[in-house]
$ cat run-v4.txt   # compact mmCIF, C-alpha atoms
# COMPACT_ATOMS: atom_id res chain seq x y z
CA MET A 1 0.00 0.00 0.00
CA GLN A 2 3.00 2.25 -0.28
CA THR A 3 3.16 5.25 -2.63
CA GLY A 4 6.91 5.80 -2.38
CA ARG A 5 8.43 8.71 -0.51
CA LYS A 6 6.25 11.12 1.39
CA THR A 7 4.93 13.85 -0.91
CA LYS A 8 6.08 17.37 -0.15
CA LEU A 9 3.46 20.11 -0.02
CA ASP A 10 4.77 21.89 -3.13
CA THR A 11 2.88 23.27 -6.13
CA LYS A 12 2.20 19.81 -7.54
CA ALA A 13 0.95 18.59 -4.16
CA PHE A 14 -1.45 21.51 -3.86
CA ALA A 15 -2.73 20.74 -7.36
CA VAL A 16 -3.38 17.15 -6.28
CA MET A 17 -5.14 18.38 -3.12
CA GLY A 18 -7.30 20.69 -5.22
CA MET A 19 -8.28 17.78 -7.45
CA LEU A 20 -9.01 15.54 -4.48
CA SER A 21 -11.03 18.32 -2.83
CA ALA A 22 -13.25 18.49 -5.91
CA ILE A 23 -13.67 14.71 -5.89
CA ALA A 24 -14.46 14.80 -2.16
CA PHE A 25 -17.18 17.39 -2.75
CA VAL A 26 -18.70 15.22 -5.49
CA ALA A 27 -18.61 12.31 -3.03
CA LYS A 28 -20.55 14.48 -0.59
CA LEU A 29 -23.16 15.20 -3.26
CA ILE A 30 -23.49 11.48 -3.93
CA SER A 31 -23.93 10.91 -0.19
CA ASN A 32 -27.11 12.98 -0.25
CA VAL A 33 -28.99 10.16 -1.96
CA PHE A 34 -28.62 8.01 1.16
CA PRO A 35 -31.45 8.07 3.72
CA MET A 36 -30.85 9.93 6.97
CA VAL A 37 -30.77 8.34 10.40
CA SER A 38 -33.12 9.80 13.02
CA GLY A 39 -34.01 12.58 10.60
CA PHE A 40 -30.74 14.54 10.83
CA LEU A 41 -27.71 12.19 10.74
CA SER A 42 -26.41 11.72 7.19
CA PHE A 43 -23.81 9.35 5.80
CA ASP A 44 -20.88 11.19 4.22
CA LEU A 45 -18.50 9.66 1.68
CA LYS A 46 -16.11 12.59 1.38
CA ASP A 47 -13.99 11.15 4.19
CA VAL A 48 -13.01 8.31 1.83
CA ILE A 49 -11.16 10.78 -0.38
CA ILE A 50 -9.83 12.79 2.55
CA VAL A 51 -8.20 9.75 4.19
CA ILE A 52 -6.72 8.62 0.87
CA ALA A 53 -5.18 12.09 0.52
CA GLY A 54 -3.74 11.70 4.00
CA PHE A 55 -2.23 8.33 3.10
CA MET A 56 -0.58 9.85 0.02
CA MET A 57 0.52 13.26 1.36
CA GLY A 58 0.32 13.13 5.12
CA PRO A 59 -2.04 14.37 7.87
CA VAL A 60 -1.71 18.05 6.90
CA ALA A 61 -3.32 17.29 3.53
CA SER A 62 -6.27 15.66 5.31
CA VAL A 63 -6.75 18.72 7.51
CA LEU A 64 -6.59 21.18 4.61
CA ILE A 65 -8.99 19.21 2.42
CA SER A 66 -11.39 18.71 5.34
CA ILE A 67 -11.56 22.47 5.92
CA VAL A 68 -11.88 23.39 2.25
CA VAL A 69 -14.57 20.84 1.38
CA SER A 70 -16.57 21.49 4.56
CA PHE A 71 -16.49 25.23 3.90
CA VAL A 72 -17.63 24.81 0.29
CA GLU A 73 -20.37 22.49 1.55
CA MET A 74 -21.47 25.09 4.13
CA VAL A 75 -21.83 27.91 1.57
CA THR A 76 -23.47 25.80 -1.15
CA ILE A 77 -25.59 22.80 -0.20
CA SER A 78 -25.65 22.66 3.61
CA MET A 79 -28.48 24.01 5.76
CA THR A 80 -26.62 23.61 9.07
CA GLY A 81 -24.35 26.67 8.84
CA PRO A 82 -21.25 27.06 11.04
CA ILE A 83 -22.35 24.26 13.37
CA GLY A 84 -22.45 21.82 10.48
CA PHE A 85 -19.09 23.11 9.25
CA LEU A 86 -17.53 22.54 12.67
CA MET A 87 -18.97 19.04 13.02
CA ASN A 88 -17.88 18.08 9.50
CA VAL A 89 -14.30 19.24 10.06
CA LEU A 90 -14.12 17.47 13.43
CA ALA A 91 -15.46 14.19 12.03
CA SER A 92 -13.25 14.22 8.92
CA CYS A 93 -10.09 15.15 10.81
CA ALA A 94 -10.68 12.67 13.64
CA PHE A 95 -11.02 9.86 11.09
CA ALA A 96 -8.53 10.82 8.39
CA VAL A 97 -5.78 12.41 10.46
CA THR A 98 -5.71 9.51 12.93
CA ALA A 99 -5.53 6.98 10.09
CA SER A 100 -2.84 8.85 8.14
CA VAL A 101 -0.62 9.49 11.18
CA ILE A 102 -0.58 5.76 11.98
CA TYR A 103 -0.07 4.80 8.34
CA HIS A 104 2.91 7.13 7.91
CA ARG A 105 4.55 5.44 10.89
CA ASN A 106 4.07 2.04 9.26
CA ARG A 107 3.69 2.38 5.49
CA LYS A 108 2.44 -1.17 4.92
CA MET A 109 -0.96 -2.79 4.54
CA SER A 110 -0.97 -3.56 8.25
CA GLY A 111 -0.38 0.12 9.00
CA ALA A 112 -3.22 1.16 6.71
CA VAL A 113 -5.67 -1.29 8.28
CA THR A 114 -4.62 -0.35 11.81
CA GLY A 115 -4.88 3.34 10.97
CA LEU A 116 -8.35 3.01 9.48
CA LEU A 117 -9.63 0.99 12.43
CA ALA A 118 -8.18 3.54 14.85
CA GLY A 119 -9.68 6.34 12.76
CA VAL A 120 -13.15 4.83 13.01
CA LEU A 121 -12.87 4.47 16.79
CA VAL A 122 -11.43 7.96 17.35
CA MET A 123 -14.02 9.56 15.10
CA THR A 124 -16.81 7.73 16.91
CA GLY A 125 -15.56 8.88 20.32
CA VAL A 126 -15.02 12.46 19.18
CA MET A 127 -18.44 12.73 17.57
CA ILE A 128 -20.22 11.28 20.62
CA LEU A 129 -18.58 13.97 22.75
CA TRP A 130 -19.31 16.81 20.34
CA ASN A 131 -22.87 15.67 19.68
CA TRP A 132 -23.40 15.70 23.44
CA LEU A 133 -22.10 19.27 23.51
CA ILE A 134 -23.59 20.72 20.32
CA THR A 135 -26.71 18.77 19.37
CA PRO A 136 -28.90 20.17 22.20
CA LEU A 137 -28.19 23.68 20.82
CA TYR A 138 -28.74 22.60 17.22
CA MET A 139 -31.96 20.69 17.88
CA GLY A 140 -33.24 22.98 20.64
CA VAL A 141 -33.87 20.08 23.03
CA PRO A 142 -32.74 19.40 26.63
CA ARG A 143 -29.36 17.72 26.96
CA GLU A 144 -31.07 14.73 28.60
CA VAL A 145 -32.79 13.98 25.28
CA VAL A 146 -29.45 13.87 23.47
CA GLU A 147 -27.90 11.79 26.25
CA GLY A 148 -30.61 9.21 25.66
CA MET A 149 -29.53 9.04 21.99
CA LEU A 150 -25.80 8.61 22.51
CA LEU A 151 -25.64 4.82 22.77
CA PRO A 152 -28.66 3.72 20.70
CA VAL A 153 -28.21 6.28 17.88
CA PHE A 154 -24.90 8.16 17.74
CA LEU A 155 -22.65 5.23 18.64
CA PRO A 156 -23.88 2.74 15.99
CA PHE A 157 -24.32 5.47 13.37
CA ASN A 158 -20.72 6.66 13.62
CA LEU A 159 -19.34 3.11 13.73
CA VAL A 160 -21.28 2.18 10.60
CA LYS A 161 -20.41 5.45 8.85
CA GLY A 162 -16.74 4.98 9.70
CA GLY A 163 -16.83 1.35 8.64
CA ILE A 164 -18.28 2.22 5.23
CA ASN A 165 -15.68 4.94 4.66
CA ALA A 166 -12.79 2.75 5.83
CA THR A 167 -13.69 -0.16 3.57
CA LEU A 168 -14.29 2.14 0.59
CA ALA A 169 -10.88 3.71 1.20
CA MET A 170 -9.28 0.25 1.05
CA ILE A 171 -11.08 -0.49 -2.21
CA LEU A 172 -10.46 2.86 -3.95
CA TYR A 173 -6.92 3.62 -2.75
CA LYS A 174 -5.10 1.68 -5.46
CA PRO A 175 -7.22 2.95 -8.41
CA ILE A 176 -6.88 6.58 -7.31
CA VAL A 177 -3.15 6.33 -6.65
CA GLY A 178 -2.67 4.50 -9.96
CA ALA A 179 -4.47 7.24 -11.88
CA LEU A 180 -2.39 9.97 -10.21
CA ARG A 181 0.82 8.07 -10.98
CA LYS A 182 -0.12 7.75 -14.65
CA ALA A 183 -0.75 11.49 -14.70
CA ARG A 184 2.71 11.96 -13.10
CA LEU A 185 1.17 13.90 -10.22
CA ILE A 186 2.70 11.67 -7.54
CA GLU A 187 5.85 9.59 -7.42
CA ASP A 188 5.87 5.97 -8.41
CA GLY A 189 6.27 3.36 -5.70
CA GLY A 190 6.47 -0.35 -5.16
CA VAL A 191 3.78 -2.70 -6.36
CA GLY A 192 2.11 -4.73 -3.64
CA ASN A 193 1.67 -8.47 -3.66
CA ARG A 194 -1.15 -9.33 -6.07
CA THR A 195 -2.53 -12.13 -3.87
CA THR A 196 -2.66 -9.81 -0.89
CA LYS A 197 -4.31 -7.14 -3.04
CA TRP A 198 -7.16 -9.41 -4.13
CA GLY A 199 -7.55 -10.84 -0.65
CA VAL A 200 -7.91 -7.36 0.84
CA LEU A 201 -10.38 -6.44 -1.90
CA ALA A 202 -12.54 -9.50 -1.19
CA VAL A 203 -12.58 -8.85 2.56
CA SER A 204 -13.29 -5.15 1.98
CA LEU A 205 -16.27 -5.91 -0.26
CA VAL A 206 -17.75 -8.26 2.34
CA LEU A 207 -17.28 -5.66 5.07
CA LEU A 208 -18.72 -2.93 2.86
CA ALA A 209 -21.85 -4.98 2.16
CA THR A 210 -22.21 -5.64 5.89
CA PHE A 211 -21.86 -1.98 6.87
CA VAL A 212 -24.26 -0.86 4.14
CA LEU A 213 -26.88 -3.31 5.38
CA LEU A 214 -26.39 -2.05 8.94
CA GLY A 215 -26.74 1.50 7.66
CA LEU A 216 -30.03 0.67 5.97
CA VAL A 217 -31.24 -0.90 9.19
CA LEU A 218 -30.30 2.24 11.16
CA ALA A 219 -32.08 4.41 8.59
CA GLY A 220 -35.22 2.28 8.87
CA VAL A 221 -35.14 1.22 5.23
CA ILE A 222 -35.01 -2.50 6.04

$ encode --input "run-v4.txt" --output "structure tokens"
Amino acid sequence: MQTGRKTKLDTKAFAVMGMLSAIAFVAKLISNVFPMVSGFLSFDLKDVIIVIAGFMMGPVASVLISIVVSFVEMVTISMTGPIGFLMNVLASCAFAVTASVIYHRNRKMSGAVTGLLAGVLVMTGVMILWNWLITPLYMGVPREVVEGMLLPVFLPFNLVKGGINATLAMILYKPIVGALRKARLIEDGGVGNRTTKWGVLAVSLVLLATFVLLGLVLAGVI
């Protein structure tokens, strides 16, 4: 899962981040077709692109793309204003920065998997805390109401959301990196073991199907 040496944040890197930011925003638009959970929690696929950027260029890239895409979302399609912007940045950074920091300490498949798992757990914990703090203000309800939603609603939602994004990142990482290498926008690197690659893909697809089904259950579709 290596991409070669760590990419410097030079002109070419900023061009790549701009491209990935645009793709992340499109991923957010696609996310809007998914049903909401409890009427206000929405699945968000932009974190897939943000964590891939972090794997390629480091945690700073994840932070910058998170801020840019969340801001564009706030001024274009979002109805949640600054609160939504804050929550989006927190969720994306908790997931993607955690995963990319761990991966850049161990630039192997095991590091990527460990980083993604840690990212899901950190993001879930962070969003439970911030939903406890912010959601009563956003929804205009007593904090006790939100406290009653933490375990049955916020916990499974964020675990499923993180699981979907983590497995999609595993599936899409190689195609995205391969396209950027062909365009000479990032450095070439070693080619992973083909058997391992297909094994990871098969496991990722099974996990993705599982998390999607859980998401549909949470949304009340099935």

$ residues_around --input "run-v4.txt" --residues "Leu150 in chain A" --least-positions-apart "3" --cutoff "12 Å" --atoms "only C-alpha atoms" --output "list of chain:residue names"
A:Thr124, A:Gly125, A:Val126, A:Met127, A:Ile128, A:Leu129, A:Trp130, A:Asn131, A:Trp132, A:Leu133, A:Thr135, A:Pro136, A:Arg143, A:Glu144, A:Val145, A:Val146, A:Glu147, A:Val153, A:Phe154, A:Leu155, A:Pro156, A:Phe157, A:Asn158

$ write_last_selection --input "run-v4.txt" --atoms "C-alpha atoms" --output "short mmCIF file (atom, residue, chain, number, x, y, z; two decimals), in the coordinates of the input"
data_model
loop_
_atom_site.label_atom_id
_atom_site.label_comp_id
_atom_site.auth_asym_id
_atom_site.auth_seq_id
_atom_site.Cartn_x
_atom_site.Cartn_y
_atom_site.Cartn_z
CA THR A 124 -16.81 7.73 16.91
CA GLY A 125 -15.56 8.88 20.32
CA VAL A 126 -15.02 12.46 19.18
CA MET A 127 -18.44 12.73 17.57
CA ILE A 128 -20.22 11.28 20.62
CA LEU A 129 -18.58 13.97 22.75
CA TRP A 130 -19.31 16.81 20.34
CA ASN A 131 -22.87 15.67 19.68
CA TRP A 132 -23.40 15.70 23.44
CA LEU A 133 -22.10 19.27 23.51
CA THR A 135 -26.71 18.77 19.37
CA PRO A 136 -28.90 20.17 22.20
CA ARG A 143 -29.36 17.72 26.96
CA GLU A 144 -31.07 14.73 28.60
CA VAL A 145 -32.79 13.98 25.28
CA VAL A 146 -29.45 13.87 23.47
CA GLU A 147 -27.90 11.79 26.25
CA VAL A 153 -28.21 6.28 17.88
CA PHE A 154 -24.90 8.16 17.74
CA LEU A 155 -22.65 5.23 18.64
CA PRO A 156 -23.88 2.74 15.99
CA PHE A 157 -24.32 5.47 13.37
CA ASN A 158 -20.72 6.66 13.62
#

$ residues_around --input "run-v4.txt" --residues "Val51 in chain A" --least-positions-apart "3" --cutoff "7 Å" --atoms "only C-alpha atoms" --output "list in words"
Asp47, Val48, Gly54, Phe55, Ser62, Ala96 and Ser100 of chain A

$ atom_distance --input "run-v4.txt" --atom1 "CA of Ile23 in chain A" --atom2 "CA of Ala166 in chain A"
16.8 Å

$ residues_around --input "run-v4.txt" --residues "Ile49 in chain A" --least-positions-apart "5" --cutoff "8 Å" --atoms "all atoms listed in the file" --output "list in words"
Leu20, Ser21, Ile23, Ala24 and Ala169 of chain A

$ closest_residue --input "run-v4.txt" --among "A:Thr76, A:Asn106, A:Asn165, A:Thr210" --to "Gly119 in chain A" --atoms "only C-alpha atoms"
A:Asn165

$ closest_residue --input "run-v4.txt" --among "A:Met17, A:Ile222, A:Ala94, A:Ala183" --to "Val68 in chain A" --atoms "only C-alpha atoms"
A:Met17

$ closest_residue --input "run-v4.txt" --among "A:Ser204, A:Thr11, A:Thr80, A:Ser66" --to "Leu41 in chain A" --atoms "all atoms listed in the file"
A:Thr80

$ atom_distance --input "run-v4.txt" --atom1 "CA of Val97 in chain A" --atom2 "CA of Pro59 in chain A"
5.0 Å

$ atom_distance --input "run-v4.txt" --atom1 "CA of Met139 in chain A" --atom2 "CA of Pro152 in chain A"
17.5 Å

$ closest_residue --input "run-v4.txt" --among "A:Val217, A:Val89, A:Ala27, A:Ala53" --to "Ile176 in chain A" --atoms "all atoms listed in the file"
A:Ala53

$ residues_around --input "run-v4.txt" --residues "Ile77 in chain A" --least-positions-apart "6" --cutoff "10 Å" --atoms "only C-alpha atoms" --output "VMD selection string"
chain A and resid 28 to 29 32

$ closest_residue --input "run-v4.txt" --among "A:Ala202, A:Val212, A:Met123, A:Ile134" --to "Val160 in chain A" --atoms "all atoms listed in the file"
A:Val212
